[in-house]
Amino acid sequence: MNICVFSSSSNAIADVYVSEAVDLARLIGQANHCLINGGSNVGTMDVITREANKNGAKTIGIIPEKLRDFNLASDHAHEIIVSEDMMERKFKMRELSDAFIALAGGFGTLEEILEVITLKQLGYHNKAVVFINTNGFYDDLFRQFERSYEEKFAKESYRKLYFVANNASEAMNYILNYKPEEIANKWFEVPTR
């Protein structure tokens with residue numbers, strides 16, 4: 001299985017987040033899955049690539065030309081695919097992947113995981129999407145989701161679009177046992193012509 005992991009490019013984060021990346025990488029590698037990620041040599045992106053490699057995973061990094069030209073491409077990935085820009089990078093990550101996991105991360109990680117949720121909501125894919133909520137990192141985001149449900153910006157059924165895992169083991173268990181469900185129409189009411 002090709003598992004896409006969205007994660008941080010920061011080298012300044014706490015050890016608890018690095019440890020979670022190591023645990024996830026180990027589980028991906030030991031089960032002989034393929035890691036797909038952003039292909040960078042910094043932050044937990046680099047950690048997960050190195051550790052997945054060490055544990056037997058094939059690793060594919062996808063990095064835009066601009067970031068590669070800043071010398072940010074991983075030396076640890078089995079394969080680096082260079083995309084023209086960020087949009088092509090994300091498209092390629094989605095195309096190659098069978099499931100998506102978000103570790104704790106910044107704006108880029110949020111943008112990536114929210115895009116795959118939105119595309120699933122619209123019926124462009126029906127793949128597993130997981131947040132690993134290390135150290136309660138995503139608690140405030142999930143509170144925002146709750147407000148969206150309460151105020152009818154999103155349907156309650158959209159809770160099924162993603163899974164919240166407490167750790168890497170829960171995330172992998174969910175992905176390995178994932179059964180796609182039919183997603184309800186996005187709109188509460190569709191205008192008639």
# chains A, B, ... in the order shown; residues from 1 in each chain; ligands from 1
>>> select_by_dssp(residues="chain A", states="helix (DSSP H, G or I)", output="short mmCIF file (atom, residue, chain, number, x, y, z; two decimals) with N, CA and C atoms, in the first residue's frame")
data_model
loop_
_atom_site.label_atom_id
_atom_site.label_comp_id
_atom_site.auth_asym_id
_atom_site.auth_seq_id
_atom_site.Cartn_x
_atom_site.Cartn_y
_atom_site.Cartn_z
N ASP A 15 10.36 17.03 20.77
CA ASP A 15 10.70 15.62 20.55
C ASP A 15 9.48 14.71 20.45
N VAL A 16 8.38 15.08 21.13
CA VAL A 16 7.20 14.22 21.10
C VAL A 16 6.68 14.05 19.66
N TYR A 17 6.81 15.08 18.84
CA TYR A 17 6.35 15.00 17.45
C TYR A 17 7.33 14.20 16.58
N VAL A 18 8.60 14.32 16.88
CA VAL A 18 9.61 13.54 16.16
C VAL A 18 9.43 12.06 16.48
N SER A 19 9.19 11.74 17.75
CA SER A 19 9.00 10.35 18.17
C SER A 19 7.81 9.71 17.46
N GLU A 20 6.74 10.50 17.30
CA GLU A 20 5.56 9.96 16.61
C GLU A 20 5.88 9.67 15.15
N ALA A 21 6.66 10.54 14.51
CA ALA A 21 7.07 10.31 13.12
C ALA A 21 7.91 9.05 13.01
N VAL A 22 8.79 8.83 13.98
CA VAL A 22 9.63 7.62 13.99
C VAL A 22 8.75 6.38 14.13
N ASP A 23 7.78 6.43 15.04
CA ASP A 23 6.88 5.28 15.23
C ASP A 23 6.10 4.97 13.96
N LEU A 24 5.58 6.00 13.32
CA LEU A 24 4.81 5.79 12.08
C LEU A 24 5.70 5.21 10.99
N ALA A 25 6.88 5.75 10.85
CA ALA A 25 7.82 5.26 9.84
C ALA A 25 8.15 3.79 10.06
N ARG A 26 8.36 3.43 11.32
CA ARG A 26 8.68 2.03 11.65
C ARG A 26 7.53 1.11 11.24
N LEU A 27 6.30 1.51 11.55
CA LEU A 27 5.14 0.68 11.21
C LEU A 27 4.95 0.57 9.70
N ILE A 28 5.16 1.65 8.98
CA ILE A 28 5.06 1.62 7.52
C ILE A 28 6.11 0.69 6.94
N GLY A 29 7.33 0.81 7.42
CA GLY A 29 8.43 0.00 6.91
C GLY A 29 8.29 -1.47 7.24
N GLN A 30 7.96 -1.78 8.48
CA GLN A 30 7.87 -3.18 8.91
C GLN A 30 6.75 -3.93 8.18
N GLY A 43 12.87 18.68 8.96
CA GLY A 43 11.73 18.38 9.82
C GLY A 43 11.35 16.92 9.87
N THR A 44 10.09 16.68 10.24
CA THR A 44 9.64 15.28 10.31
C THR A 44 9.49 14.66 8.93
N MET A 45 9.48 15.49 7.88
CA MET A 45 9.52 14.93 6.53
C MET A 45 10.80 14.11 6.34
N ASP A 46 11.91 14.66 6.78
CA ASP A 46 13.19 13.97 6.67
C ASP A 46 13.24 12.77 7.62
N VAL A 47 12.77 12.96 8.85
CA VAL A 47 12.79 11.89 9.85
C VAL A 47 12.03 10.68 9.35
N ILE A 48 10.82 10.91 8.85
CA ILE A 48 9.99 9.77 8.45
C ILE A 48 10.58 9.05 7.24
N THR A 49 11.20 9.80 6.34
CA THR A 49 11.83 9.16 5.18
C THR A 49 13.00 8.28 5.61
N ARG A 50 13.87 8.82 6.45
CA ARG A 50 15.03 8.04 6.92
C ARG A 50 14.60 6.79 7.67
N GLU A 51 13.66 6.97 8.60
CA GLU A 51 13.24 5.85 9.44
C GLU A 51 12.45 4.80 8.66
N ALA A 52 11.63 5.23 7.73
CA ALA A 52 10.88 4.27 6.91
C ALA A 52 11.86 3.43 6.08
N ASN A 53 12.86 4.11 5.52
CA ASN A 53 13.92 3.41 4.77
C ASN A 53 14.60 2.35 5.62
N LYS A 54 15.00 2.76 6.83
CA LYS A 54 15.69 1.85 7.75
C LYS A 54 14.88 0.62 8.06
N GLU A 65 10.24 22.02 -8.02
CA GLU A 65 11.54 22.53 -8.50
C GLU A 65 12.12 23.60 -7.59
N LYS A 66 11.28 24.56 -7.22
CA LYS A 66 11.74 25.69 -6.42
C LYS A 66 12.36 25.24 -5.11
N LEU A 67 11.75 24.26 -4.44
CA LEU A 67 12.30 23.77 -3.17
C LEU A 67 13.54 22.92 -3.40
N ARG A 68 13.52 22.15 -4.47
CA ARG A 68 14.72 21.37 -4.81
C ARG A 68 15.90 22.31 -5.04
N MET A 86 3.70 23.54 -6.56
CA MET A 86 3.03 22.89 -5.45
C MET A 86 1.75 22.17 -5.88
N MET A 87 1.02 22.75 -6.82
CA MET A 87 -0.22 22.11 -7.27
C MET A 87 0.07 20.75 -7.91
N GLU A 88 1.09 20.71 -8.73
CA GLU A 88 1.46 19.43 -9.37
C GLU A 88 1.98 18.45 -8.33
N ARG A 89 2.71 18.96 -7.35
CA ARG A 89 3.23 18.11 -6.27
C ARG A 89 2.07 17.41 -5.55
N LYS A 90 1.07 18.19 -5.14
CA LYS A 90 -0.06 17.62 -4.41
C LYS A 90 -0.86 16.67 -5.28
N PHE A 91 -1.03 16.99 -6.54
CA PHE A 91 -1.73 16.10 -7.46
C PHE A 91 -1.02 14.75 -7.53
N LYS A 92 0.29 14.79 -7.69
CA LYS A 92 1.07 13.55 -7.81
C LYS A 92 1.00 12.74 -6.52
N MET A 93 1.06 13.43 -5.38
CA MET A 93 0.96 12.72 -4.09
C MET A 93 -0.39 12.01 -3.99
N ARG A 94 -1.44 12.69 -4.37
CA ARG A 94 -2.78 12.09 -4.31
C ARG A 94 -2.90 10.93 -5.30
N GLU A 95 -2.37 11.12 -6.48
CA GLU A 95 -2.46 10.11 -7.53
C GLU A 95 -1.76 8.81 -7.13
N LEU A 96 -0.61 8.91 -6.50
CA LEU A 96 0.18 7.73 -6.15
C LEU A 96 -0.26 7.04 -4.87
N PHE A 107 1.21 25.25 8.20
CA PHE A 107 0.23 25.63 7.18
C PHE A 107 0.20 24.65 6.01
N GLY A 108 1.36 24.19 5.55
CA GLY A 108 1.40 23.28 4.41
C GLY A 108 0.71 21.96 4.72
N THR A 109 0.97 21.41 5.90
CA THR A 109 0.34 20.16 6.30
C THR A 109 -1.17 20.32 6.38
N LEU A 110 -1.61 21.42 6.99
CA LEU A 110 -3.05 21.69 7.09
C LEU A 110 -3.68 21.80 5.71
N GLU A 111 -3.04 22.54 4.84
CA GLU A 111 -3.58 22.74 3.50
C GLU A 111 -3.68 21.40 2.76
N GLU A 112 -2.68 20.56 2.90
CA GLU A 112 -2.68 19.26 2.21
C GLU A 112 -3.79 18.34 2.72
N ILE A 113 -3.90 18.21 4.05
CA ILE A 113 -4.88 17.28 4.60
C ILE A 113 -6.31 17.79 4.38
N LEU A 114 -6.50 19.11 4.49
CA LEU A 114 -7.84 19.65 4.25
C LEU A 114 -8.24 19.52 2.79
N GLU A 115 -7.28 19.61 1.90
CA GLU A 115 -7.60 19.42 0.48
C GLU A 115 -8.04 17.98 0.21
N VAL A 116 -7.37 16.99 0.78
CA VAL A 116 -7.79 15.61 0.51
C VAL A 116 -9.14 15.32 1.15
N ILE A 117 -9.45 15.96 2.28
CA ILE A 117 -10.78 15.81 2.88
C ILE A 117 -11.83 16.43 1.96
N THR A 118 -11.56 17.63 1.47
CA THR A 118 -12.50 18.31 0.57
C THR A 118 -12.73 17.51 -0.70
N LEU A 119 -11.67 16.97 -1.27
CA LEU A 119 -11.81 16.18 -2.50
C LEU A 119 -12.59 14.89 -2.24
N LYS A 120 -12.41 14.33 -1.07
CA LYS A 120 -13.20 13.14 -0.71
C LYS A 120 -14.67 13.52 -0.55
N GLN A 121 -14.92 14.64 0.09
CA GLN A 121 -16.29 15.13 0.27
C GLN A 121 -16.98 15.33 -1.08
N THR A 134 -1.17 13.85 17.94
CA THR A 134 -0.10 13.79 18.94
C THR A 134 -0.17 14.99 19.88
N ASN A 135 -0.16 14.71 21.16
CA ASN A 135 -0.08 15.78 22.16
C ASN A 135 -1.27 16.75 22.04
N GLY A 136 -2.40 16.28 21.48
CA GLY A 136 -3.58 17.14 21.31
C GLY A 136 -3.37 18.25 20.29
N ASP A 139 -6.47 19.54 18.43
CA ASP A 139 -7.71 19.75 19.20
C ASP A 139 -8.47 21.00 18.78
N ASP A 140 -7.76 22.10 18.59
CA ASP A 140 -8.45 23.34 18.22
C ASP A 140 -9.05 23.25 16.81
N LEU A 141 -8.38 22.57 15.92
CA LEU A 141 -8.93 22.37 14.58
C LEU A 141 -10.23 21.57 14.66
N PHE A 142 -10.23 20.53 15.49
CA PHE A 142 -11.43 19.71 15.61
C PHE A 142 -12.57 20.49 16.28
N ARG A 143 -12.24 21.42 17.16
CA ARG A 143 -13.27 22.30 17.71
C ARG A 143 -13.88 23.16 16.60
N GLN A 144 -13.04 23.62 15.68
CA GLN A 144 -13.55 24.39 14.55
C GLN A 144 -14.46 23.52 13.67
N PHE A 145 -14.05 22.27 13.46
CA PHE A 145 -14.91 21.34 12.71
C PHE A 145 -16.28 21.22 13.39
N GLU A 146 -16.26 21.09 14.74
CA GLU A 146 -17.52 20.96 15.48
C GLU A 146 -18.42 22.17 15.26
N ARG A 147 -17.82 23.33 15.25
CA ARG A 147 -18.63 24.54 15.01
C ARG A 147 -19.23 24.49 13.60
N SER A 148 -18.47 24.00 12.63
CA SER A 148 -19.00 23.86 11.27
C SER A 148 -20.20 22.93 11.23
N TYR A 149 -20.13 21.83 12.00
CA TYR A 149 -21.27 20.91 12.05
C TYR A 149 -22.47 21.57 12.75
N GLU A 150 -22.19 22.19 13.89
CA GLU A 150 -23.27 22.80 14.69
C GLU A 150 -23.99 23.90 13.91
N GLU A 156 -23.19 16.61 9.41
CA GLU A 156 -22.71 15.73 10.48
C GLU A 156 -22.06 14.46 9.91
N SER A 157 -22.58 14.00 8.79
CA SER A 157 -22.06 12.76 8.20
C SER A 157 -20.61 12.90 7.74
N TYR A 158 -20.12 14.14 7.63
CA TYR A 158 -18.75 14.34 7.17
C TYR A 158 -17.71 13.96 8.22
N ARG A 159 -18.16 13.64 9.42
CA ARG A 159 -17.23 13.10 10.41
C ARG A 159 -16.59 11.82 9.88
N LYS A 160 -17.29 11.14 8.97
CA LYS A 160 -16.79 9.88 8.42
C LYS A 160 -15.73 10.09 7.34
N LEU A 161 -15.50 11.34 6.94
CA LEU A 161 -14.51 11.62 5.90
C LEU A 161 -13.08 11.39 6.39
N ALA A 168 0.41 6.54 16.08
CA ALA A 168 0.71 5.89 14.79
C ALA A 168 0.08 4.51 14.68
N SER A 169 0.06 3.77 15.77
CA SER A 169 -0.51 2.43 15.75
C SER A 169 -2.00 2.47 15.42
N GLU A 170 -2.74 3.38 16.04
CA GLU A 170 -4.17 3.53 15.74
C GLU A 170 -4.39 3.95 14.29
N ALA A 171 -3.54 4.84 13.80
CA ALA A 171 -3.66 5.31 12.42
C ALA A 171 -3.48 4.16 11.44
N MET A 172 -2.44 3.37 11.64
CA MET A 172 -2.17 2.25 10.73
C MET A 172 -3.26 1.20 10.81
N ASN A 173 -3.76 0.94 12.00
CA ASN A 173 -4.84 -0.03 12.16
C ASN A 173 -6.08 0.42 11.40
N TYR A 174 -6.39 1.70 11.48
CA TYR A 174 -7.54 2.23 10.75
C TYR A 174 -7.36 2.06 9.24
N ILE A 175 -6.19 2.45 8.75
CA ILE A 175 -5.93 2.37 7.31
C ILE A 175 -6.00 0.92 6.80
N LEU A 176 -5.41 0.01 7.55
CA LEU A 176 -5.36 -1.39 7.11
C LEU A 176 -6.75 -2.04 7.13
#
>>> select_by_dssp(residues="stretch 21-51 of chain A", states="strand (DSSP E)", output="PyMOL selection string")
chain A and resi 34-37
>>> write_last_selection(atoms="N, CA and C atoms", output="PDB file, in the first residue's frame")
ATOM      1  N   CYS A  34       4.775   1.435   1.081  1.00  0.00           N
ATOM      2  CA  CYS A  34       5.565   2.485   0.432  1.00  0.00           C
ATOM      3  C   CYS A  34       5.167   3.828   1.034  1.00  0.00           C
ATOM      4  N   LEU A  35       6.147   4.623   1.417  1.00  0.00           N
ATOM      5  CA  LEU A  35       5.917   5.960   1.944  1.00  0.00           C
ATOM      6  C   LEU A  35       5.958   6.966   0.802  1.00  0.00           C
ATOM      7  N   ILE A  36       4.918   7.766   0.700  1.00  0.00           N
ATOM      8  CA  ILE A  36       4.895   8.900  -0.223  1.00  0.00           C
ATOM      9  C   ILE A  36       4.904  10.148   0.649  1.00  0.00           C
ATOM     10  N   ASN A  37       5.791  11.094   0.370  1.00  0.00           N
ATOM     11  CA  ASN A  37       5.748  12.347   1.122  1.00  0.00           C
ATOM     12  C   ASN A  37       6.338  13.485   0.311  1.00  0.00           C
TER      13      ASN A  37
END
>>> residues_around(residues="A:Glu181", least_positions_apart="2", cutoff="10 Å", atoms="only C-alpha atoms", output="list in words")
Asn126, Lys127, Lys160, Leu161, Tyr178, Lys179, Ile183 and Ala184 of chain A
>>> write_last_selection(atoms="C-alpha atoms", output="PDB file, in the first residue's frame")
ATOM      1  CA  ASN A 126     -12.723   7.517  -1.366  1.00  0.00           C
ATOM      2  CA  LYS A 127      -9.398   6.798   0.335  1.00  0.00           C
ATOM      3  CA  LYS A 160     -16.789   9.881   8.418  1.00  0.00           C
ATOM      4  CA  LEU A 161     -14.508  11.623   5.899  1.00  0.00           C
ATOM      5  CA  TYR A 178     -10.513   0.813   6.093  1.00  0.00           C
ATOM      6  CA  LYS A 179     -13.732   0.132   4.214  1.00  0.00           C
ATOM      7  CA  ILE A 183     -20.343   9.822   0.973  1.00  0.00           C
ATOM      8  CA  ALA A 184     -23.540  11.854   1.177  1.00  0.00           C
TER       9      ALA A 184
END
>>> closest_residue(among="A:Ser97, A:Glu151, A:Phe163, A:Leu103", to="A:Val130", atoms="only C-alpha atoms")
A:Phe163
>>> residues_around(residues="A:Gly61", least_positions_apart="6", cutoff="7 Å", atoms="only C-alpha atoms", output="count of residues only")
8
